[in-house]
Amino acid sequence: MMGRTIFIDPGRCIGCQACVSACRECDSHRGKSMIHLDYTDEGRSVASLPTVCMHCEDPVAPCAEVCPADAILVTADGVVQQADTTRCIGCANCVNACPFGVPKIDLQAKLQMKCNLCYDRTAYGLAPMCATVCPTGALFYGTVEELQAERPGVQVADTFVFGETEVRTGVAMVVPADKVQWPVPGGLPVVEINGKDVRR
Amino acid sequence: MTADPRAADRRTHLSLDPSLAPPGTRGFRDAGGIPADQWHADQNGETLVPTHCCFCGVQCGMYLRVDRGGKVFGVEPRNHDINRMRLCPKGINAYQQVNHPDRLTAPLMRRSRDEEFREVSWDEALDFTVSEIKRIQQAHGNDAFGLLGGASLFSEKTYLVGKFARVALKSRHVDYNGRLCMVSAAGANKLAFGIDRAGNPFSDILLTDCLLIAGSNVGECFPVMTQYVWGARDRGASLIVIDPRETAIARTADIHVALKPGTDSAFFNSVLHVVIEEGLTDESYLAAHATGWAEVRAKAAEYPPSRAAGICGVPAEQIVQVARAFARAPRAMAWHARGIEHHSQGVENCLSVINLCTATGHIGRPGAGYGTITGQGNGQGGREHGQKSDLLPGGRSIMNEEHRRQICEIWGIEESELPPAGTSMMEMVWQMQRREIRGLIGICNNPFVSLPNYKVVKEGYDATEFHAQFDFFLSETAANAHVVFPVTTWAEDDGVMANAEARVVKHNKAQDPPPGVRTDTWVMCELARRLGAGDKFAFADSRAVFDELRVASAGTVNDYYGITYERLEETGGIAWPCPSTDHPGTPRLFEDGKTYHPDGKIHMQVVEWHPPMDPYDDEHPMSLTTGRTVAHFLSGNQTRRLGALVEQTPRPWAELHPSHGFRNGEPVRVVTRRGSEVFPALVTEAIRPDTVFIPYHWPVPTSANALTIDALDPRSKIPEYKVCACRIEHAEKIDEVPAPPVAPGHVAYPETQVSRTDPLPPTAPQGRGTSERS
């Protein structure tokens with residue numbers, strides 16, 4: 001896990017979308033938000049959580065690995081940058097490769113859009129815009145020790161399993177302390193495509 | 001560790017534990033603390049102006065980003081004590097108002113409502129206004145002209161509103177839209193404690209062991225306050241939420257009491273009943289610090305949980321649980337907001353909460369006390385200095401001879417010239433309907449959206465012979481006026497506001513107003529001059545007004561005398577009372593066990609529950625309740641023009657339980673005794689089956705306030721927005737949200753047109769997951 005990173009705590013999210021608005025204010029992608037808000041229990045509860053880029057570490061950024069134009073760069077400190085505007089061809093390979101459903105394609109601009117951990121701010125020692133403004137701390141920026149000092153007993157996970165594939169990420173999730181599983185199931189395995197069982 | 005070297009000095013001005021910071025904020029530093037040559041923005045010639053948000057009563061600190069040309073173009077989080085960099089989506093987008101294409105930049109005028117507005121010179125607009133004031137007052141008396149102010153104005157301007165009405169207009173009829181906000185809490189606090197403000201600062205929430213939140217959707221209405229709530233939870237505090245809906249805060253509560261709207265005082269009386277029955281009262285505290293306990297105790301005996309459960313529609317066991325959790329906690333706090341205050345028994349509801357805090361001894365200690373959360377930025381400060389119909393500066397009573405004499409001396413007028421108390425905002429509209437008030441100036445308010453019973457409001461305004469509005473956008477109400485004065489936004493003037501903690505903070509001017517725009521202060525002073533009272537309104541700027549305000553408040557409970565602009569900039573905010581320039585302010589009340597009544601005691605008041613004013617019957621069996629969404633502010637005049645916020649929540653909806661058989665997005669007609677409107681249904685289990693919720697930020701034909709009742713609390717005169725009887729029906733077609741009005745020659749800003757005609761927002765309305773999308 002990176003030294004300072006974002007921790008996502010869905011238990012604290014109030015769904016206000018301050019993170020979405022704040023992301024629009026970032027100088028590197030002004031006017032476009034790289035975060036979306038998901039409702040996890042629609043129709044029954046107001047539960048929600050912000051989705052940001054998880055900055056995958058191992059395997060290193062599937063989005064970057066599949067990019068045919070080598071547009072997605074990973075910095076030495078593990079930040080997966082958004083696609084280089086001079087290289088991106090808008091093919092959406094990254095969208096299909098991301099297990100967390102993060103990158104979006106701006107079809108008009110033929111560009112991939114995703115969170116770059118506010119590199120323009122973190123490079124100057126500021127926290128990313130989303131985690132800075134999050135009114136509830138559902139997005140926390142710092143080290144795991146800082147988080148645990150603030151919230152005694154908090155459990156975090158940075159390894160997620162999709163079917164048989166494990167993904168270790170630079171961004172971590174807060175998980176319920178009494179129900180901690182390791183690795184955290186990140187999604188159901190693909191069992192069927194077009195009505196055909198693909199497990200065999 | 002903060003980057004601001006002055007931070008250590010700041011703490012000396014507050015009697016609070018300096019380590020009290022909400023979780024997750026201690027490591028933060030803001031861009032303002034980074035040396036100019038080390039932050040990229042400054043390399044572009046950008047400056048950061050420290051100020052506060054213009055919206056709710058939390059008053060988050062923020063920087064406005066100002067470009068080389070002196071124009072506001074962005075926002076940057078600020079490490080201020082109140083919010084520690086946190087901002088909600090309204091705060092983040094607020095700066096977009098400042099140079100918005102919808103801004104009014106020249107006075108608009110028309111001689112009759114049949115004509116179109118035309119842009120005129122300031123002289124023409126001011127002369128016409130003054131001639132109409134004189135004509136109406138000569139024909140029908142001074143009281144035939146009224147003034148309605150606003151609680152989003154800086155305190156200096158609210159002071160001027162009160163002075164302008166009484167000294168320049170010589171009219172008794174002045175009130176303000178804070179009347180629609182927290183006057184019930186103010187009335188209750190005044191009755192019980194002799195002081196009208198919250199008892200504790202926000203940071204005390206971090207110290208409590210049991211936090212009770214009644215009628216407040218904190219997550220949407222005061223999102224930044226949530227960090228204090230979660231901070232208390234981190235320490236192990238229990239959370240009790242009283243709300244008919246399962247809001248984001250209620251979702252995580254230890255006890256969520258989803259009570260039927262309009263039954264709060266029955267519930268709190270019953271909680272007190274259990275506290276007494278179980279011997280959990282603090283008798284020694286009561287004996288030393290309270291009066292009226294015997295009567296309150298006797299009344300509580302009439303509300304056993306078995307009875308209250310029937311009234312409130314909640315299990316009796318929950319009442320017992322709440323009583324035990326609150327009373328047994330070493331330190332407990334109660335915070336409430338419009339949910340219990342917007343009622344025809346709003347004052348009683350607040351008093352019933354105060355009775356509970358008093359009986360359990362949870363008053364006046366770190367982590368123990370009460371508070372009300374103000375909806376408007378200056379909801380607290382807006383009434384402290386004479387804008388309310390019955391108050392003079394410093395919270396003095398206009399009925400009190402001594403108080404009148406003191407203010408007349410400061411204002412340099414004879415006591416006989418000072419008018420008596422006027423009527424409340426809604427009552428003024430009724431008077432307009434009856435043509436008792438024939439002329440009106442409105443400043444910073446939009447009653448066409450924000451007052452209940454729209455039909456009556458429209459009739460009242462239409463009946464006026466002359467109507468002028470001060471605003472920076474053409475609100476729905478301004479569109480009805482004869483004259484509209486284009487005035488400044490909060491970023492174009494200096495001034496102070498008092499937040500929900502009664503902490504006075506300073507807003508700083510970040511840019512010059514656009515050409516053609518004047519400050520509200522300038523317009524009021526200029527009108528006063530033309531009305532012949534110029535010598536009483538010779539104020540060059542906000543500072544001059546503030547200095548008079550300080551003197552006018554000296555020696556009162558609401559004492560601002562020791563607060564100066566310099567001290568505010570140095571300290572980041574001072575809570576009143578602050579009687580001298582070396583006084584640190586009073587963040588927490590009653591630490592010495594004394595209230596502001598002459599006997600120093602808490603005056604407990606007997607509370608009797610009575611049903612809401614709009615009775616249920618077979619035709620109207622359900623409760624309609626209204627409230628806010630996180631993306632919009634009050635009447636929406638400011639936020640319905642900002643693209644990101646419109647995109648987040650483009651339209652209202654009727655939120656109802658799945659048991660009614662509606663599908664998500666299906667048209668549902670909500671019918672009350674005032675009218676009916678059609679909204680898309682938002683079907684969720686997170687609301688009581690007998691209740692419908694509609695957010696109120698939009699105008700007709702999508703206005704919740706076309707349906708709400710204009711019944712008032714007899715003491716606070718606050719309307720009963722939070723409950724009226726209704727029924728729901730299937731409908732054919734959903735009403736479209738009208739675009740906000742714009743001045744002639746302007747076109748509706750395209751970014752605000754996003755999704756306006758869609759049946760449902762592109763994302764689920766904030767805070768409410770939908771069961772399906774259509």
# chains A, B, ... in the order shown; residues from 1 in each chain; ligands from 1
$ residues_around --residues "Gly15 (chain A)" --least-positions-apart "3" --cutoff "9 Å" --atoms "only C-alpha atoms" --output "PyMOL selection string"
(chain A and resi 18+37-39+46-50) or (chain B and resi 219-220+248+630+766-768)
$ residues_around --residues "Arg166 (chain B)" --least-positions-apart "6" --cutoff "12 Å" --atoms "only C-alpha atoms" --output "VMD selection string"
chain B and resid 142 to 143 145 to 147 159 to 160 172 to 175 386 to 393 398 404 407 to 408 411 413 to 422 528 533 536
$ write_last_selection --atoms "N, CA and C atoms" --output "mmCIF file, in the first residue's frame"
data_model
loop_
_atom_site.group_PDB
_atom_site.id
_atom_site.type_symbol
_atom_site.label_atom_id
_atom_site.label_comp_id
_atom_site.auth_asym_id
_atom_site.auth_seq_id
_atom_site.Cartn_x
_atom_site.Cartn_y
_atom_site.Cartn_z
ATOM 1 N N ASN B 142 -48.105 55.605 7.188
ATOM 2 C CA ASN B 142 -46.756 55.027 7.067
ATOM 3 C C ASN B 142 -46.756 53.501 7.075
ATOM 4 N N ASP B 143 -47.690 52.915 7.849
ATOM 5 C CA ASP B 143 -47.682 51.458 7.977
ATOM 6 C C ASP B 143 -48.210 50.747 6.737
ATOM 7 N N PHE B 145 -46.729 50.788 4.056
ATOM 8 C CA PHE B 145 -45.560 50.344 3.299
ATOM 9 C C PHE B 145 -44.717 49.421 4.183
ATOM 10 N N GLY B 146 -44.341 48.270 3.668
ATOM 11 C CA GLY B 146 -43.618 47.288 4.477
ATOM 12 C C GLY B 146 -42.268 46.934 3.875
ATOM 13 N N LEU B 147 -41.479 46.255 4.691
ATOM 14 C CA LEU B 147 -40.134 45.853 4.285
ATOM 15 C C LEU B 147 -39.913 44.413 4.733
ATOM 16 N N TYR B 159 -29.082 44.876 10.148
ATOM 17 C CA TYR B 159 -29.217 46.020 11.062
ATOM 18 C C TYR B 159 -29.812 47.208 10.306
ATOM 19 N N LEU B 160 -29.304 47.417 9.086
ATOM 20 C CA LEU B 160 -29.807 48.534 8.283
ATOM 21 C C LEU B 160 -31.265 48.337 7.885
ATOM 22 N N ARG B 172 -44.060 50.315 10.940
ATOM 23 C CA ARG B 172 -43.916 49.218 11.894
ATOM 24 C C ARG B 172 -43.688 47.898 11.174
ATOM 25 N N HIS B 173 -43.980 47.866 9.861
ATOM 26 C CA HIS B 173 -44.009 46.577 9.179
ATOM 27 C C HIS B 173 -42.674 46.201 8.574
ATOM 28 N N VAL B 174 -41.867 45.526 9.392
ATOM 29 C CA VAL B 174 -40.609 44.961 8.905
ATOM 30 C C VAL B 174 -40.501 43.549 9.474
ATOM 31 N N ASP B 175 -40.136 42.635 8.646
ATOM 32 C CA ASP B 175 -39.853 41.279 9.116
ATOM 33 C C ASP B 175 -38.882 40.662 8.126
ATOM 34 N N GLY B 386 -32.403 43.659 14.899
ATOM 35 C CA GLY B 386 -33.558 44.514 14.664
ATOM 36 C C GLY B 386 -34.288 44.311 13.357
ATOM 37 N N GLN B 387 -34.023 43.207 12.669
ATOM 38 C CA GLN B 387 -34.738 42.981 11.419
ATOM 39 C C GLN B 387 -36.102 42.320 11.658
ATOM 40 N N LYS B 388 -36.234 41.673 12.822
ATOM 41 C CA LYS B 388 -37.473 40.970 13.148
ATOM 42 C C LYS B 388 -38.490 41.990 13.670
ATOM 43 N N SER B 389 -39.767 41.718 13.405
ATOM 44 C CA SER B 389 -40.784 42.736 13.644
ATOM 45 C C SER B 389 -40.861 43.203 15.104
ATOM 46 N N ASP B 390 -40.478 42.329 16.039
ATOM 47 C CA ASP B 390 -40.635 42.692 17.447
ATOM 48 C C ASP B 390 -39.299 42.986 18.130
ATOM 49 N N LEU B 391 -38.237 43.038 17.359
ATOM 50 C CA LEU B 391 -36.925 43.205 17.989
ATOM 51 C C LEU B 391 -36.212 44.466 17.516
ATOM 52 N N LEU B 392 -35.475 45.060 18.437
ATOM 53 C CA LEU B 392 -34.577 46.166 18.125
ATOM 54 C C LEU B 392 -33.140 45.636 18.190
ATOM 55 N N PRO B 393 -32.169 46.396 17.736
ATOM 56 C CA PRO B 393 -30.789 45.911 17.780
ATOM 57 C C PRO B 393 -30.383 45.406 19.163
ATOM 58 N N ILE B 398 -39.004 45.597 21.172
ATOM 59 C CA ILE B 398 -39.564 46.882 20.715
ATOM 60 C C ILE B 398 -40.746 47.292 21.588
ATOM 61 N N ARG B 404 -36.531 50.785 23.995
ATOM 62 C CA ARG B 404 -36.863 51.761 22.952
ATOM 63 C C ARG B 404 -36.067 53.057 23.167
ATOM 64 N N ILE B 407 -32.362 52.685 22.136
ATOM 65 C CA ILE B 407 -32.110 52.666 20.687
ATOM 66 C C ILE B 407 -32.390 54.038 20.069
ATOM 67 N N CYS B 408 -33.429 54.715 20.544
ATOM 68 C CA CYS B 408 -33.736 56.045 20.005
ATOM 69 C C CYS B 408 -32.568 57.000 20.249
ATOM 70 N N TRP B 411 -29.952 56.130 17.679
ATOM 71 C CA TRP B 411 -30.373 56.509 16.325
ATOM 72 C C TRP B 411 -30.643 58.016 16.182
ATOM 73 N N ILE B 413 -33.341 59.741 17.335
ATOM 74 C CA ILE B 413 -34.740 60.070 17.050
ATOM 75 C C ILE B 413 -35.522 60.137 18.360
ATOM 76 N N GLU B 414 -36.681 60.754 18.288
ATOM 77 C CA GLU B 414 -37.560 60.814 19.460
ATOM 78 C C GLU B 414 -38.251 59.470 19.638
ATOM 79 N N GLU B 415 -38.529 59.114 20.897
ATOM 80 C CA GLU B 415 -39.166 57.815 21.122
ATOM 81 C C GLU B 415 -40.533 57.754 20.452
ATOM 82 N N SER B 416 -41.200 58.884 20.377
ATOM 83 C CA SER B 416 -42.525 58.887 19.748
ATOM 84 C C SER B 416 -42.441 58.560 18.252
ATOM 85 N N GLU B 417 -41.249 58.770 17.691
ATOM 86 C CA GLU B 417 -41.086 58.488 16.253
ATOM 87 C C GLU B 417 -40.862 57.001 15.978
ATOM 88 N N LEU B 418 -40.488 56.231 17.007
ATOM 89 C CA LEU B 418 -40.175 54.811 16.788
ATOM 90 C C LEU B 418 -41.477 54.015 16.750
ATOM 91 N N PRO B 419 -41.769 53.351 15.623
ATOM 92 C CA PRO B 419 -43.042 52.642 15.526
ATOM 93 C C PRO B 419 -43.107 51.468 16.502
ATOM 94 N N PRO B 420 -44.308 50.973 16.789
ATOM 95 C CA PRO B 420 -44.437 49.788 17.641
ATOM 96 C C PRO B 420 -44.107 48.521 16.846
ATOM 97 N N ALA B 421 -44.334 47.358 17.473
ATOM 98 C CA ALA B 421 -44.051 46.089 16.800
ATOM 99 C C ALA B 421 -44.962 45.913 15.596
ATOM 100 N N GLY B 422 -44.420 45.277 14.565
ATOM 101 C CA GLY B 422 -45.224 44.962 13.393
ATOM 102 C C GLY B 422 -45.676 43.519 13.437
ATOM 103 N N ALA B 528 -32.826 56.101 1.760
ATOM 104 C CA ALA B 528 -33.062 56.863 2.993
ATOM 105 C C ALA B 528 -32.788 58.352 2.752
ATOM 106 N N ALA B 533 -33.965 61.071 5.270
ATOM 107 C CA ALA B 533 -33.328 60.594 6.505
ATOM 108 C C ALA B 533 -31.844 60.344 6.287
ATOM 109 N N LYS B 536 -29.184 60.049 9.064
ATOM 110 C CA LYS B 536 -29.176 58.842 9.912
ATOM 111 C C LYS B 536 -28.555 57.653 9.170
#
$ interface_residues --of "chain A" --to "chain B" --cutoff "6 Å" --atoms "only C-alpha atoms" --output "ChimeraX atom specification"
/A:14-15,18,21,39,42-46,133-136,150-151
$ residues_around --residues "Asp77 (chain A)" --least-positions-apart "2" --cutoff "9 Å" --atoms "only C-alpha atoms" --output "list in words"
Met2, Gly3, Val74, Thr75 and Val79 of chain A
$ write_last_selection --atoms "C-alpha atoms" --output "PDB file, in the first residue's frame"
ATOM      1  CA  MET A   2       1.162   3.496  -0.767  1.00  0.00           C
ATOM      2  CA  GLY A   3       2.261   5.798   2.037  1.00  0.00           C
ATOM      3  CA  VAL A  74       1.849   4.762 -13.882  1.00  0.00           C
ATOM      4  CA  THR A  75       4.106   6.987 -11.798  1.00  0.00           C
ATOM      5  CA  VAL A  79      -0.463   6.740  -9.185  1.00  0.00           C
TER       6      VAL A  79
END
$ atom_distance --atom1 "CA of Ala502 (chain B)" --atom2 "CA of Pro201 (chain B)"
8.2 Å
$ residues_around --residues "region 693-705 of chain B" --least-positions-apart "6" --cutoff "6 Å" --atoms "only C-alpha atoms" --output "list in words"
Val449, Pro452, Asn453, Tyr454, Leu624, Thr625, Thr626, Gly627, Arg628, Leu634, Ser635, Gly636, Pro652, Trp653, Ala654 and Glu655 of chain B
$ write_last_selection --atoms "all heavy atoms" --output "CSV table (one decimal), in the first residue's frame"
chain,number,residue,atom,x,y,z
B,449,VAL,N,-41.6,31.2,-3.7
B,449,VAL,CA,-41.2,29.8,-3.6
B,449,VAL,C,-41.2,29.3,-2.1
B,449,VAL,O,-41.6,28.2,-1.8
B,449,VAL,CB,-39.8,29.5,-4.2
B,449,VAL,CG1,-39.4,28.0,-4.1
B,449,VAL,CG2,-39.9,29.8,-5.7
B,452,PRO,N,-45.6,29.3,2.5
B,452,PRO,CA,-46.6,28.3,2.3
B,452,PRO,C,-47.8,28.8,1.6
B,452,PRO,O,-48.0,30.1,1.5
B,452,PRO,CB,-46.9,27.8,3.7
B,452,PRO,CG,-46.7,29.0,4.5
B,452,PRO,CD,-45.5,29.7,3.9
B,453,ASN,N,-48.6,28.0,1.0
B,453,ASN,CA,-49.9,28.3,0.4
B,453,ASN,C,-49.7,29.4,-0.7
B,453,ASN,O,-50.1,30.6,-0.6
B,453,ASN,CB,-50.9,28.8,1.5
B,453,ASN,CG,-52.3,28.7,1.0
B,453,ASN,OD1,-52.6,28.5,-0.2
B,453,ASN,ND2,-53.3,29.0,1.9
B,454,TYR,N,-49.1,29.0,-1.8
B,454,TYR,CA,-48.7,29.9,-2.8
B,454,TYR,C,-49.8,30.8,-3.3
B,454,TYR,O,-49.6,32.0,-3.7
B,454,TYR,CB,-48.1,29.1,-4.0
B,454,TYR,CG,-47.9,29.9,-5.3
B,454,TYR,CD1,-46.8,30.7,-5.4
B,454,TYR,CD2,-48.8,29.8,-6.3
B,454,TYR,CE1,-46.6,31.5,-6.5
B,454,TYR,CE2,-48.6,30.5,-7.5
B,454,TYR,CZ,-47.5,31.4,-7.5
B,454,TYR,OH,-47.3,32.1,-8.7
B,624,LEU,N,-48.3,15.2,4.4
B,624,LEU,CA,-47.3,15.8,3.5
B,624,LEU,C,-46.2,16.5,4.3
B,624,LEU,O,-46.5,17.3,5.2
B,624,LEU,CB,-47.9,16.7,2.5
B,624,LEU,CG,-46.9,17.6,1.7
B,624,LEU,CD1,-46.1,16.7,0.8
B,624,LEU,CD2,-47.6,18.6,0.9
B,625,THR,N,-45.0,16.2,4.1
B,625,THR,CA,-43.9,16.9,4.8
B,625,THR,C,-42.9,17.4,3.7
B,625,THR,O,-42.8,16.8,2.6
B,625,THR,CB,-43.2,16.0,5.9
B,625,THR,OG1,-42.4,16.8,6.7
B,625,THR,CG2,-42.4,14.9,5.3
B,626,THR,N,-42.2,18.4,4.0
B,626,THR,CA,-41.3,19.0,3.0
B,626,THR,C,-39.9,19.2,3.6
B,626,THR,O,-39.7,19.2,4.8
B,626,THR,CB,-41.9,20.4,2.6
B,626,THR,OG1,-41.9,21.3,3.7
B,626,THR,CG2,-43.3,20.3,2.0
B,627,GLY,N,-39.0,19.5,2.8
B,627,GLY,CA,-37.6,19.7,3.2
B,627,GLY,C,-36.7,20.0,2.1
B,627,GLY,O,-37.1,20.4,1.0
B,628,ARG,N,-35.4,19.8,2.4
B,628,ARG,CA,-34.4,20.3,1.4
B,628,ARG,C,-33.7,19.1,0.7
B,628,ARG,O,-33.7,18.0,1.2
B,628,ARG,CB,-33.3,21.1,2.1
B,628,ARG,CG,-33.8,22.3,2.7
B,628,ARG,CD,-32.6,23.3,2.8
B,628,ARG,NE,-32.4,23.9,4.1
B,628,ARG,CZ,-31.3,24.5,4.4
B,628,ARG,NH1,-30.2,24.5,3.5
B,628,ARG,NH2,-31.1,25.1,5.5
B,634,LEU,N,-32.7,26.7,0.0
B,634,LEU,CA,-33.9,27.5,0.2
B,634,LEU,C,-34.8,27.6,-1.1
B,634,LEU,O,-35.1,26.5,-1.7
B,634,LEU,CB,-33.6,28.8,0.8
B,634,LEU,CG,-32.7,28.8,2.0
B,634,LEU,CD1,-32.6,30.2,2.6
B,634,LEU,CD2,-33.3,27.9,3.1
B,635,SER,N,-35.1,28.8,-1.5
B,635,SER,CA,-36.0,28.9,-2.7
B,635,SER,C,-35.4,28.6,-4.0
B,635,SER,O,-36.0,28.6,-5.0
B,635,SER,CB,-36.6,30.3,-2.7
B,635,SER,OG,-35.6,31.2,-3.3
B,636,GLY,N,-34.1,28.2,-4.0
B,636,GLY,CA,-33.4,27.8,-5.2
B,636,GLY,C,-33.0,28.9,-6.1
B,636,GLY,O,-32.5,28.6,-7.2
B,652,PRO,N,-38.0,18.4,-8.4
B,652,PRO,CA,-38.6,17.8,-7.1
B,652,PRO,C,-39.2,16.5,-7.5
B,652,PRO,O,-39.5,16.2,-8.6
B,652,PRO,CB,-39.6,18.8,-6.6
B,652,PRO,CG,-40.1,19.5,-7.9
B,652,PRO,CD,-38.9,19.5,-8.8
B,653,TRP,N,-39.5,15.7,-6.4
B,653,TRP,CA,-40.2,14.5,-6.6
B,653,TRP,C,-41.1,14.3,-5.4
B,653,TRP,O,-41.0,15.0,-4.4
B,653,TRP,CB,-39.2,13.3,-6.7
B,653,TRP,CG,-38.3,13.2,-5.4
B,653,TRP,CD1,-38.7,12.5,-4.3
B,653,TRP,CD2,-37.1,13.9,-5.1
B,653,TRP,NE1,-37.7,12.7,-3.3
B,653,TRP,CE2,-36.7,13.5,-3.8
B,653,TRP,CE3,-36.3,14.8,-5.8
B,653,TRP,CZ2,-35.6,14.0,-3.2
B,653,TRP,CZ3,-35.1,15.3,-5.2
B,653,TRP,CH2,-34.8,14.9,-3.9
B,654,ALA,N,-42.0,13.3,-5.5
B,654,ALA,CA,-42.8,12.9,-4.3
B,654,ALA,C,-42.3,11.6,-3.8
B,654,ALA,O,-42.4,10.6,-4.5
B,654,ALA,CB,-44.3,12.8,-4.7
B,655,GLU,N,-41.8,11.6,-2.7
B,655,GLU,CA,-41.2,10.4,-2.1
B,655,GLU,C,-42.2,9.6,-1.3
B,655,GLU,O,-42.8,10.2,-0.4
B,655,GLU,CB,-40.0,10.8,-1.2
B,655,GLU,CG,-39.1,9.7,-0.7
B,655,GLU,CD,-37.9,10.3,-0.1
B,655,GLU,OE1,-37.4,11.3,-0.6
B,655,GLU,OE2,-37.5,9.7,1.0
